[in-house]
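Listing of upload07.cif, mmCIF, C-alpha atoms
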```cif
data_entry
#
loop_
_atom_site.label_atom_id
_atom_site.label_comp_id
_atom_site.auth_asym_id
_atom_site.auth_seq_id
_atom_site.Cartn_x
_atom_site.Cartn_y
_atom_site.Cartn_z
CA MET A 1 0.00 0.00 0.00
CA ALA A 2 2.81 2.34 0.87
CA THR A 3 4.38 1.77 -2.53
CA ASN A 4 1.13 2.47 -4.25
CA GLY A 5 0.70 5.69 -2.39
CA HIS A 6 4.21 6.74 -3.37
CA LEU A 7 3.51 6.02 -7.04
CA VAL A 8 0.36 8.08 -6.98
CA VAL A 9 2.26 11.03 -5.54
CA ARG A 10 4.96 10.72 -8.19
CA GLU A 11 2.48 10.56 -11.01
CA PHE A 12 0.68 13.51 -9.63
CA ARG A 13 3.92 15.50 -9.46
CA MET A 14 4.96 14.58 -12.98
CA SER A 15 1.64 15.58 -14.39
CA SER A 16 1.78 18.87 -12.53
CA VAL A 17 5.19 19.59 -14.09
CA HIS A 18 4.05 18.46 -17.55
CA PRO A 19 0.48 19.16 -18.24
CA GLY A 20 -0.37 17.09 -21.31
CA PRO A 21 0.92 18.82 -24.44
CA SER A 22 -1.48 20.56 -26.74
CA SER A 23 -1.50 18.91 -30.13
CA ALA A 24 0.11 22.05 -31.58
CA GLN A 25 3.03 21.76 -29.15
CA TRP A 26 3.42 18.10 -29.93
CA ALA A 27 3.35 18.78 -33.67
CA LEU A 28 6.04 21.47 -33.31
CA LEU A 29 8.42 19.16 -31.46
CA PHE A 30 7.61 16.26 -33.76
CA SER A 31 8.38 18.36 -36.86
CA ALA A 32 11.69 19.55 -35.39
CA TRP A 33 12.62 15.95 -34.59
CA LEU A 34 11.61 14.74 -38.06
CA ILE A 35 13.86 17.36 -39.68
CA ALA A 36 16.76 16.34 -37.43
CA LEU A 37 16.17 12.66 -38.18
CA VAL A 38 16.03 13.14 -41.95
CA SER A 39 19.12 15.39 -41.84
CA THR A 40 21.07 12.86 -39.79
CA LEU A 41 20.18 9.97 -42.07
CA GLY A 42 20.86 12.15 -45.12
CA ALA A 43 24.31 13.04 -43.79
CA LEU A 44 25.04 9.37 -43.11
CA PHE A 45 23.82 8.45 -46.59
CA SER A 46 26.11 10.99 -48.25
CA SER A 47 29.20 9.80 -46.38
CA GLU A 48 28.61 6.07 -45.90
CA ILE A 49 26.69 5.15 -49.05
CA MET A 50 27.67 7.80 -51.58
CA GLY A 51 31.21 7.96 -50.25
CA LEU A 52 31.44 11.76 -50.00
CA GLU A 53 34.02 12.39 -47.30
CA PRO A 54 32.85 15.03 -44.80
CA CYS A 55 35.06 18.09 -44.44
CA VAL A 56 35.88 19.70 -41.09
CA LEU A 57 32.93 22.11 -41.18
CA CYS A 58 30.60 19.23 -42.11
CA TRP A 59 31.79 17.42 -39.00
CA TYR A 60 31.05 20.41 -36.77
CA GLN A 61 27.52 20.53 -38.17
CA ARG A 62 27.13 16.80 -37.62
CA ILE A 63 28.19 17.27 -33.99
CA ALA A 64 25.19 19.61 -33.59
CA MET A 65 22.69 17.65 -35.70
CA PHE A 66 23.20 14.03 -34.64
CA PRO A 67 22.37 14.64 -30.95
CA LEU A 68 19.25 16.59 -31.98
CA ALA A 69 17.88 13.52 -33.76
CA LEU A 70 18.22 11.58 -30.49
CA MET A 71 17.32 14.29 -27.96
CA LEU A 72 14.19 15.56 -29.72
CA GLY A 73 13.02 11.97 -30.26
CA ILE A 74 13.48 11.16 -26.57
CA ALA A 75 11.56 14.33 -25.65
CA LEU A 76 8.58 12.97 -27.57
CA LEU A 77 8.49 9.73 -25.55
CA PRO A 78 6.82 11.01 -23.39
CA PHE A 79 6.46 14.65 -24.32
CA ASP A 80 8.82 16.95 -22.42
CA ALA A 81 8.84 20.57 -23.55
CA ARG A 82 11.88 21.37 -21.39
CA ILE A 83 14.04 19.91 -24.14
CA VAL A 84 13.89 23.33 -25.83
CA ARG A 85 16.27 24.67 -23.22
CA TYR A 86 18.93 22.14 -24.24
CA ALA A 87 18.18 21.67 -27.92
CA LEU A 88 17.83 25.30 -28.98
CA PRO A 89 21.47 26.30 -28.24
CA LEU A 90 22.66 23.24 -30.15
CA ALA A 91 20.50 24.11 -33.15
CA LEU A 92 21.69 27.73 -33.05
CA VAL A 93 25.36 26.70 -33.06
CA GLY A 94 24.67 24.31 -35.94
CA ALA A 95 22.86 27.04 -37.87
CA ALA A 96 25.78 29.43 -37.37
CA ILE A 97 28.32 26.90 -38.68
CA ALA A 98 26.06 25.97 -41.60
CA ALA A 99 25.62 29.67 -42.47
CA TYR A 100 29.37 30.17 -42.46
CA HIS A 101 29.85 27.05 -44.59
CA THR A 102 27.20 28.18 -47.08
CA LEU A 103 28.81 31.62 -47.45
CA LEU A 104 32.12 29.88 -47.97
CA VAL A 105 30.75 27.69 -50.75
CA TRP A 106 29.22 30.76 -52.39
CA GLY A 107 32.60 32.47 -52.25
CA LEU A 108 31.41 35.25 -49.94
CA VAL A 109 33.93 34.33 -47.23
CA PRO A 110 37.58 34.33 -48.22
CA LYS A 111 39.02 30.85 -48.44
CA ASP A 112 42.14 31.57 -46.45
CA LEU A 113 40.02 31.96 -43.31
CA VAL A 114 38.89 28.36 -43.60
CA PRO A 115 40.05 26.04 -40.84
CA CYS A 116 40.54 23.11 -43.22
CA GLY A 117 44.11 21.88 -43.13
CA GLN A 118 43.67 18.22 -43.90
CA GLY A 119 41.03 16.18 -45.59
CA PRO A 120 38.57 17.33 -48.21
CA SER A 121 38.14 21.02 -48.93
CA CYS A 122 35.14 22.73 -47.31
CA ALA A 123 34.72 25.13 -50.22
CA GLU A 124 34.47 22.40 -52.83
CA VAL A 125 30.95 21.51 -54.00
CA LYS A 126 30.58 17.76 -54.45
CA PHE A 127 26.83 17.51 -54.48
CA GLU A 128 24.37 19.88 -56.11
CA LEU A 129 20.66 19.75 -56.90
CA LEU A 130 18.98 22.09 -59.39
CA GLY A 131 22.23 23.98 -59.69
CA PHE A 132 22.12 25.77 -56.34
CA ILE A 133 21.09 23.37 -53.56
CA THR A 134 24.31 22.25 -51.89
CA LEU A 135 24.76 20.17 -48.74
CA PRO A 136 25.69 23.22 -46.59
CA LEU A 137 22.56 25.01 -47.81
CA LEU A 138 20.41 21.98 -46.96
CA SER A 139 22.06 21.86 -43.54
CA LEU A 140 21.44 25.58 -42.98
CA THR A 141 17.77 25.16 -43.96
CA ALA A 142 17.36 22.23 -41.58
CA PHE A 143 19.00 24.01 -38.64
CA ALA A 144 17.04 27.21 -39.31
CA LEU A 145 13.73 25.31 -39.41
CA ILE A 146 14.59 23.50 -36.18
CA VAL A 147 15.48 26.83 -34.52
CA ILE A 148 12.19 28.40 -35.65
CA LEU A 149 10.07 25.43 -34.53
CA LEU A 150 11.80 25.20 -31.15
CA TRP A 151 11.49 28.98 -30.73
CA ILE A 152 7.74 28.86 -31.26
CA LEU A 153 7.52 25.94 -28.84
CA LYS A 154 9.51 27.96 -26.29
CA SER A 155 7.19 30.95 -26.55
CA ARG A 156 4.17 28.67 -26.14
CA ASN A 157 5.76 27.03 -23.10
CA SER A 158 6.17 30.33 -21.31
CA GLU A 159 2.61 31.35 -21.97
CA MET B 1 -0.47 5.87 -26.46
CA LYS B 2 -1.16 6.84 -30.01
CA LYS B 3 1.54 9.50 -30.22
CA SER B 4 4.35 7.15 -29.28
CA PHE B 5 3.19 4.86 -32.10
CA ILE B 6 3.62 7.76 -34.50
CA VAL B 7 7.17 8.32 -33.24
CA ILE B 8 8.13 4.67 -33.41
CA GLY B 9 6.43 4.28 -36.77
CA THR B 10 8.45 7.22 -38.08
CA ILE B 11 11.69 5.61 -36.87
CA VAL B 12 10.82 2.34 -38.59
CA LEU B 13 9.83 4.16 -41.77
CA ALA B 14 13.06 6.18 -41.76
CA ALA B 15 15.14 3.04 -41.25
CA VAL B 16 13.38 1.23 -44.08
CA ALA B 17 13.79 4.24 -46.37
CA PHE B 18 17.48 4.47 -45.50
CA ILE B 19 18.21 0.79 -46.12
CA GLY B 20 16.06 0.66 -49.26
CA GLY B 21 17.65 3.85 -50.58
CA SER B 22 21.13 2.43 -49.95
CA LYS B 23 20.33 -0.75 -51.86
CA LEU B 24 18.89 1.19 -54.79
CA TYR B 25 21.81 3.59 -54.85
CA GLN B 26 24.37 0.76 -54.80
CA GLN B 27 22.55 -1.07 -57.58
CA SER B 28 22.44 2.02 -59.76
CA GLN B 29 26.14 2.65 -59.07
CA THR B 30 27.04 -0.92 -60.06
CA SER B 31 25.08 -0.77 -63.29
CA GLU B 32 26.51 2.66 -64.07
CA ARG B 33 30.04 1.32 -63.59
CA ALA B 34 29.18 -1.74 -65.71
CA ASP B 35 27.86 0.52 -68.49
CA LEU B 36 30.94 2.68 -68.26
CA ALA B 37 33.22 -0.37 -68.45
CA SER B 38 31.38 -1.82 -71.46
CA SER B 39 31.19 1.48 -73.34
CA ARG B 40 34.86 2.09 -72.65
CA SER B 41 36.17 -1.46 -72.95
CA ALA B 42 39.26 -0.14 -74.71
CA ASN B 43 40.17 1.60 -71.46
CA LEU B 44 39.80 -1.62 -69.50
CA VAL B 45 42.45 -3.78 -71.15
CA ARG B 46 45.45 -2.21 -72.84
CA PRO B 47 48.09 -4.12 -74.76
CA HIS B 48 50.86 -2.79 -72.49
CA SER B 49 49.51 -4.41 -69.31
CA PRO B 50 51.01 -7.46 -67.62
CA VAL B 51 48.91 -10.59 -68.13
CA PHE B 52 49.00 -13.66 -65.88
CA GLY B 53 47.47 -16.73 -67.51
CA SER B 54 46.82 -17.80 -71.07
CA GLU B 55 45.96 -15.32 -73.82
CA SER B 56 43.19 -17.70 -74.90
CA ALA B 57 41.46 -17.72 -71.50
CA LYS B 58 37.88 -16.58 -71.95
CA VAL B 59 37.54 -15.03 -68.50
CA THR B 60 39.59 -11.92 -67.81
CA ILE B 61 39.99 -10.41 -64.36
CA VAL B 62 41.14 -6.82 -64.59
CA GLU B 63 42.56 -5.61 -61.30
CA PHE B 64 43.32 -1.97 -60.63
CA LEU B 65 46.07 -2.30 -58.09
CA ASP B 66 48.15 -0.08 -55.86
CA PRO B 67 51.28 -1.86 -54.60
CA ALA B 68 51.03 0.01 -51.27
CA CYS B 69 47.35 -0.79 -50.66
CA GLU B 70 46.88 -3.36 -47.89
CA THR B 71 43.66 -4.76 -49.31
CA CYS B 72 45.42 -5.41 -52.62
CA GLY B 73 48.06 -7.34 -50.70
CA ALA B 74 45.44 -9.27 -48.74
CA MET B 75 43.54 -10.20 -51.92
CA ALA B 76 46.65 -11.21 -53.88
CA PRO B 77 46.72 -14.91 -52.87
CA LEU B 78 43.03 -15.28 -53.75
CA VAL B 79 43.42 -13.55 -57.12
CA LYS B 80 46.40 -15.77 -57.91
CA SER B 81 44.48 -18.92 -56.95
CA LEU B 82 41.56 -17.93 -59.18
CA VAL B 83 43.93 -17.98 -62.15
CA THR B 84 45.97 -21.04 -61.16
CA ALA B 85 42.83 -23.09 -60.40
CA SER B 86 42.48 -23.61 -64.16
CA PHE B 87 46.27 -23.42 -64.72
CA GLY B 88 45.57 -20.09 -66.39
CA GLN B 89 43.66 -21.80 -69.20
CA GLN B 90 40.22 -20.42 -68.38
CA VAL B 91 40.95 -17.39 -66.23
CA ARG B 92 43.63 -14.77 -66.71
CA LEU B 93 44.58 -11.67 -64.77
CA VAL B 94 45.40 -8.27 -66.23
CA VAL B 95 47.11 -5.86 -63.85
CA ARG B 96 46.39 -2.17 -64.19
CA TYR B 97 47.95 0.40 -61.88
CA ALA B 98 46.10 2.77 -59.61
CA PRO B 99 49.01 4.41 -57.77
CA LEU B 100 46.80 6.34 -55.33
CA HIS B 101 49.12 6.19 -52.32
CA GLN B 102 51.94 8.65 -52.11
CA GLY B 103 55.10 7.21 -53.63
CA SER B 104 53.32 4.30 -55.28
CA ASP B 105 54.47 5.38 -58.76
CA GLN B 106 58.02 4.66 -57.73
CA ILE B 107 57.10 1.11 -56.69
CA VAL B 108 55.22 0.62 -59.97
CA ARG B 109 58.36 1.70 -61.84
CA ILE B 110 60.43 -0.86 -59.92
CA LEU B 111 57.87 -3.60 -60.71
CA GLU B 112 57.84 -2.64 -64.38
CA ALA B 113 61.64 -2.66 -64.42
CA ALA B 114 61.48 -6.20 -62.99
CA ARG B 115 59.07 -7.05 -65.80
CA LEU B 116 61.65 -6.02 -68.39
CA GLN B 117 63.81 -8.77 -66.87
CA GLY B 118 60.98 -11.31 -66.93
CA LYS B 119 60.72 -11.30 -63.13
CA TYR B 120 57.44 -9.42 -62.84
CA TRP B 121 55.13 -11.90 -61.09
CA GLN B 122 57.74 -12.99 -58.55
CA ALA B 123 58.52 -9.34 -57.82
CA LEU B 124 54.84 -8.34 -57.50
CA GLU B 125 54.08 -11.24 -55.19
CA ALA B 126 57.10 -10.50 -52.99
CA VAL B 127 56.38 -6.77 -52.84
CA LEU B 128 52.72 -7.30 -51.90
CA ALA B 129 53.58 -9.99 -49.36
CA SER B 130 56.10 -7.78 -47.55
CA GLN B 131 54.00 -4.62 -47.39
CA SER B 132 54.24 -4.60 -43.61
CA ARG B 133 57.97 -3.95 -43.95
CA TRP B 134 57.92 -1.09 -46.43
CA ALA B 135 54.40 0.31 -46.79
CA SER B 136 53.51 1.23 -43.21
CA HIS B 137 51.40 4.39 -43.27
CA ASP B 138 53.29 6.18 -40.52
CA ASN B 139 56.71 4.97 -41.56
CA PRO B 140 56.87 4.17 -45.30
CA ARG B 141 60.25 2.82 -46.37
CA PRO B 142 60.03 2.39 -50.14
CA GLU B 143 63.82 1.99 -50.37
CA LEU B 144 63.39 -1.49 -48.82
CA VAL B 145 61.57 -2.59 -51.99
CA TRP B 146 64.94 -2.89 -53.72
CA ASP B 147 66.03 -5.59 -51.26
CA ILE B 148 62.73 -7.38 -51.70
CA VAL B 149 62.93 -7.52 -55.49
CA GLY B 150 66.65 -8.32 -55.26
CA ASN B 151 65.73 -11.42 -53.24
CA VAL B 152 63.61 -12.80 -56.08
CA GLY B 153 66.46 -12.43 -58.54
CA VAL B 154 65.94 -9.02 -60.10
CA ASP B 155 69.20 -7.44 -61.29
CA ILE B 156 69.05 -4.24 -59.26
CA ALA B 157 71.66 -2.28 -61.19
CA GLN B 158 69.83 -3.01 -64.43
CA ALA B 159 66.44 -2.21 -62.87
CA LYS B 160 67.73 1.13 -61.60
CA ALA B 161 68.92 1.95 -65.08
CA ASP B 162 65.50 1.08 -66.52
CA LEU B 163 63.53 3.05 -63.95
CA GLN B 164 62.92 6.09 -66.15
CA ASN B 165 62.35 4.02 -69.29
CA PRO B 166 59.84 5.94 -71.47
CA LYS B 167 57.79 2.74 -71.89
CA ILE B 168 57.21 2.62 -68.14
CA THR B 169 56.31 6.30 -68.07
CA GLU B 170 53.81 5.69 -70.85
CA THR B 171 52.27 2.72 -68.97
CA LEU B 172 51.78 4.89 -65.90
CA ARG B 173 50.30 7.71 -67.96
CA LEU B 174 47.78 5.47 -69.75
CA ASP B 175 46.76 3.66 -66.59
CA ARG B 176 46.16 6.99 -64.86
CA GLU B 177 44.06 8.12 -67.81
CA ASP B 178 41.95 4.97 -67.64
CA LEU B 179 41.42 5.37 -63.90
CA VAL B 180 39.64 8.63 -64.66
CA ALA B 181 37.78 7.22 -67.68
CA LEU B 182 36.45 4.27 -65.65
CA LYS B 183 35.94 6.30 -62.46
CA VAL B 184 38.13 4.03 -60.36
CA SER B 185 38.83 5.83 -57.10
CA LYS B 186 39.63 2.99 -54.72
CA THR B 187 41.89 -0.03 -54.84
CA PRO B 188 41.66 -2.83 -55.53
CA GLU B 189 38.95 -2.51 -58.12
CA PHE B 190 38.03 -5.65 -60.05
CA PHE B 191 36.27 -6.14 -63.36
CA VAL B 192 35.56 -9.69 -64.53
CA ASN B 193 34.90 -9.74 -68.26
CA GLY B 194 34.02 -6.07 -67.91
CA LYS B 195 31.62 -6.58 -65.02
CA PRO B 196 32.31 -4.77 -61.74
CA LEU B 197 31.75 -6.50 -58.39
CA PRO B 198 28.20 -5.91 -57.12
CA LYS B 199 29.76 -5.28 -53.72
CA PHE B 200 33.41 -5.34 -52.77
CA GLY B 201 34.63 -8.54 -51.10
CA PRO B 202 36.63 -11.74 -51.70
CA GLU B 203 33.46 -13.87 -51.77
CA GLN B 204 31.86 -11.60 -54.36
CA LEU B 205 34.99 -11.83 -56.52
CA LYS B 206 35.02 -15.64 -56.29
CA GLU B 207 31.34 -15.82 -57.17
CA LEU B 208 31.66 -13.48 -60.13
CA VAL B 209 34.62 -15.42 -61.54
CA LYS B 210 32.76 -18.70 -61.04
CA SER B 211 29.66 -17.46 -62.83
CA GLU B 212 31.72 -16.05 -65.71
CA VAL B 213 33.59 -19.35 -66.08
CA ARG B 214 30.25 -21.15 -66.15
CA LEU B 215 28.99 -18.72 -68.78
CA ALA B 216 32.08 -19.08 -70.97
CA TYR B 217 32.77 -22.80 -70.58
CA GLY B 218 29.36 -24.12 -69.61
CA GLN B 219 30.48 -25.96 -66.47
#
```

Structure encoded using structure tokens:
Amino acid sequence: MATNGHLVVREFRMSSVHPGPSSAQWALLFSAWLIALVSTLGALFSSEIMGLEPCVLCWYQRIAMFPLALMLGIALLPFDARIVRYALPLALVGAAIAAYHTLLVWGLVPKDLVPCGQGPSCAEVKFELLGFITLPLLSLTAFALIVILLWILKSRNSE
Amino acid sequence: MKKSFIVIGTIVLAAVAFIGGSKLYQQSQTSERADLASSRSANLVRPHSPVFGSESAKVTIVEFLDPACETCGAMAPLVKSLVTASFGQQVRLVVRYAPLHQGSDQIVRILEAARLQGKYWQALEAVLASQSRWASHDNPRPELVWDIVGNVGVDIAQAKADLQNPKITETLRLDREDLVALKVSKTPEFFVNGKPLPKFGPEQLKELVKSEVRLAYGQ
């Protein structure tokens, strides 16, 4: 009986911390996770299946994206909106690196500033769709979308 | 909970899409390489290349080889056995060079110099078998290759004199050209009667040779 009573208290506390998510909140987090998941698998496909070797800047973006695919997924099972606090900085850092990388590929950042000593060049375009969609641009889009979705979720949380 | 089913369903779907996409991509790559090899068959076998086995053999293994590549060394006994299994009558090997490691050209020149003395296959086998001595990635010692080829009876003074032979330079130039034409970027790369391996591996090579022998000789 004592154990049962304890469980009831715990459940009560958890539900007071997380009132059930509205379906809009859930959809926001789910969309952010889906983008992170597709980006992660896409990155793995390009390196492991297509054999495109990631450059240094690609690796920094992976370091931000791969954990997002895990963290945001865990935060859906069950729903925990506090993930925004941890995931948003990661997505912002990823977006910043992806923005820098995109500018570099477009030639708007001088090459000699690039921290690529060894391995494949970060400025080289190895994959292009429709003549302008490069991997850094896809990465920037993904990070930006995740930032926007998490930002909206954050503002809804504080309401 | 319905929502957790959506999440788990998405994970399963993503995994299936990833695996299916990989299979499709690999298949399209293999058929693209096969098309490339058949449309550019002149780039696959050149008259200058060393051939192991009988000229009349109906099954030809073309190997793009880098003397410093460990996998080439590891595959060498198998490749040799595929030819010797029929005493070279049904299967022959054509060696093309893919000197992708730094300094590999120099080793290719030494091997080709050994070939001028009729000591090519002994030299190649010895060089590949002793890679651990000279081709270590953090401590390459290509100068040791001279001792290794000397041990199989190559006249070193003569080989050194032949090293810059224009014929050897031309072999290297043509093989490099064909690497680009056939989009070979890794070693070893095998083509059996113009067909690339569906997936890299010793078993796949054995299978492909077997099926080509069956096709050519009806066994």

Query raised in the report: Around (9.5, 7.1, -37.9) in the file's frame, which residues reach within 12 Å when counting all atoms listed in the file? Return as a ChimeraX atom specification?
Result: /A:30-31,33-38,41,69,73,76 /B:3-18

Report task. Write out as a list in words which residues come within 9 Å of range 61-64 of chain A when counting only C-alpha atoms, dropping same-chain ones fewer than 6 positions away. Result -> Thr40, Ala43, Leu90, Ala91, Leu92, Val93, Gly94, Ala95, Ile97, Ala98 and Ser139 of chain A

Query - Gap from CA of His101 in chain A to CA of Ile148 in chain A - Å, one decimal - result: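 That distance, rounded to one decimal, is 19.8 Å.
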
Query raised in the report: For this file, the PyMOL selection byres ((chain B and resi 117) around 9) selects which residues, as number ranges by chain?
Result: B: 112-116, 118-120, 154-155, 158-159

Can you tell me, as an mmCIF file with C-alpha atoms, in the coordinates of the input, which residues sit within 8 Å of (37.2, -7.0, -56.0) in the file's frame, using only C-alpha atoms?
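So the final result, stored in part22.cif, reads:
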```cif
data_model
loop_
_atom_site.group_PDB
_atom_site.id
_atom_site.type_symbol
_atom_site.label_atom_id
_atom_site.label_comp_id
_atom_site.auth_asym_id
_atom_site.auth_seq_id
_atom_site.Cartn_x
_atom_site.Cartn_y
_atom_site.Cartn_z
ATOM 1 C CA GLU B 63 42.560 -5.610 -61.300
ATOM 2 C CA PRO B 188 41.660 -2.830 -55.530
ATOM 3 C CA GLU B 189 38.950 -2.510 -58.120
ATOM 4 C CA PHE B 190 38.030 -5.650 -60.050
ATOM 5 C CA PHE B 191 36.270 -6.140 -63.360
ATOM 6 C CA PRO B 196 32.310 -4.770 -61.740
ATOM 7 C CA LEU B 197 31.750 -6.500 -58.390
ATOM 8 C CA LYS B 199 29.760 -5.280 -53.720
ATOM 9 C CA PHE B 200 33.410 -5.340 -52.770
ATOM 10 C CA GLY B 201 34.630 -8.540 -51.100
ATOM 11 C CA PRO B 202 36.630 -11.740 -51.700
ATOM 12 C CA GLN B 204 31.860 -11.600 -54.360
ATOM 13 C CA LEU B 205 34.990 -11.830 -56.520
#
```

Report summary line: Counting only C-alpha atoms, the residue among B:Val192, B:Gln102, B:Val51, B:Ser185 that lies closest to chain A is B:Ser185

Requested in this report: Excluding Pro110 in chain A and any residue of its chain fewer than 6 positions from it, enumerate the residues within 10 Å of it, using all atoms listed in the file, and give them as JSON, numbers by chain.
Outcome: {"A": [103, 104, 123]}

Query raised in the report: Please, what distance in Å, to one decimal, runs between CA of Gln29 in chain B and CA of Thr187 in chain B?
Result: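 Computing it gives 16.5 Å between the two atoms.
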
Query - Answer key for the PyMOL selection byres ((chain B and resi 137) around 10), residues as a PyMOL selection string - result: chain B and resi 68-69+101-102+132+134-136+138-141

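Picture a line from CA of Leu88 in chain A to CA of Trp26 in chain A; it runs 16.1 Å.
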
Query raised in the report: Using the chain letters and numbers from the file, which residues does the PyMOL selection byres ((chain A and resi 137) around 10) grab, as a list of chain:residue names?
Result: A:Ala98, A:Ala99, A:His101, A:Thr102, A:Leu103, A:Val105, A:Trp106, A:Glu128, A:Phe132, A:Ile133, A:Thr134, A:Leu135, A:Pro136, A:Leu138, A:Ser139, A:Leu140, A:Thr141, A:Ala142, A:Phe143

Repaired coordinates for range 120-133 of chain A (N, CA and C atoms) as a PDB file, keeping the file's coordinate frame:
```
ATOM      1  N   PRO A 120      39.184  16.680 -47.050  1.00  0.00           N
ATOM      2  CA  PRO A 120      38.570  17.330 -48.210  1.00  0.00           C
ATOM      3  C   PRO A 120      38.326  18.812 -47.956  1.00  0.00           C
ATOM      4  N   SER A 121      38.340  19.577 -49.032  1.00  0.00           N
ATOM      5  CA  SER A 121      38.140  21.020 -48.930  1.00  0.00           C
ATOM      6  C   SER A 121      36.689  21.327 -48.581  1.00  0.00           C
ATOM      7  N   CYS A 122      36.499  22.345 -47.708  1.00  0.00           N
ATOM      8  CA  CYS A 122      35.140  22.730 -47.310  1.00  0.00           C
ATOM      9  C   CYS A 122      34.480  23.577 -48.386  1.00  0.00           C
ATOM     10  N   ALA A 123      35.291  24.205 -49.236  1.00  0.00           N
ATOM     11  CA  ALA A 123      34.720  25.130 -50.220  1.00  0.00           C
ATOM     12  C   ALA A 123      34.296  24.400 -51.490  1.00  0.00           C
ATOM     13  N   GLU A 124      34.757  23.150 -51.620  1.00  0.00           N
ATOM     14  CA  GLU A 124      34.470  22.400 -52.830  1.00  0.00           C
ATOM     15  C   GLU A 124      33.020  21.882 -52.803  1.00  0.00           C
ATOM     16  N   VAL A 125      32.327  22.004 -53.933  1.00  0.00           N
ATOM     17  CA  VAL A 125      30.950  21.510 -54.000  1.00  0.00           C
ATOM     18  C   VAL A 125      30.959  20.139 -54.656  1.00  0.00           C
ATOM     19  N   LYS A 126      30.544  19.109 -53.895  1.00  0.00           N
ATOM     20  CA  LYS A 126      30.580  17.760 -54.450  1.00  0.00           C
ATOM     21  C   LYS A 126      29.194  17.263 -54.786  1.00  0.00           C
ATOM     22  N   PHE A 127      28.200  17.977 -54.318  1.00  0.00           N
ATOM     23  CA  PHE A 127      26.830  17.510 -54.480  1.00  0.00           C
ATOM     24  C   PHE A 127      25.977  18.739 -54.722  1.00  0.00           C
ATOM     25  N   GLU A 128      25.190  18.720 -55.797  1.00  0.00           N
ATOM     26  CA  GLU A 128      24.370  19.880 -56.110  1.00  0.00           C
ATOM     27  C   GLU A 128      23.082  19.434 -56.757  1.00  0.00           C
ATOM     28  N   LEU A 129      21.966  20.031 -56.303  1.00  0.00           N
ATOM     29  CA  LEU A 129      20.660  19.750 -56.900  1.00  0.00           C
ATOM     30  C   LEU A 129      20.155  21.030 -57.530  1.00  0.00           C
ATOM     31  N   LEU A 130      19.574  20.946 -58.700  1.00  0.00           N
ATOM     32  CA  LEU A 130      18.980  22.090 -59.390  1.00  0.00           C
ATOM     33  C   LEU A 130      19.955  23.253 -59.538  1.00  0.00           C
ATOM     34  N   GLY A 131      21.239  22.943 -59.447  1.00  0.00           N
ATOM     35  CA  GLY A 131      22.230  23.980 -59.690  1.00  0.00           C
ATOM     36  C   GLY A 131      22.530  24.918 -58.542  1.00  0.00           C
ATOM     37  N   PHE A 132      21.772  24.879 -57.462  1.00  0.00           N
ATOM     38  CA  PHE A 132      22.120  25.770 -56.340  1.00  0.00           C
ATOM     39  C   PHE A 132      21.964  25.145 -54.969  1.00  0.00           C
ATOM     40  N   ILE A 133      21.295  23.980 -54.876  1.00  0.00           N
ATOM     41  CA  ILE A 133      21.090  23.370 -53.560  1.00  0.00           C
ATOM     42  C   ILE A 133      22.301  22.511 -53.219  1.00  0.00           C
TER      43      ILE A 133
END
```
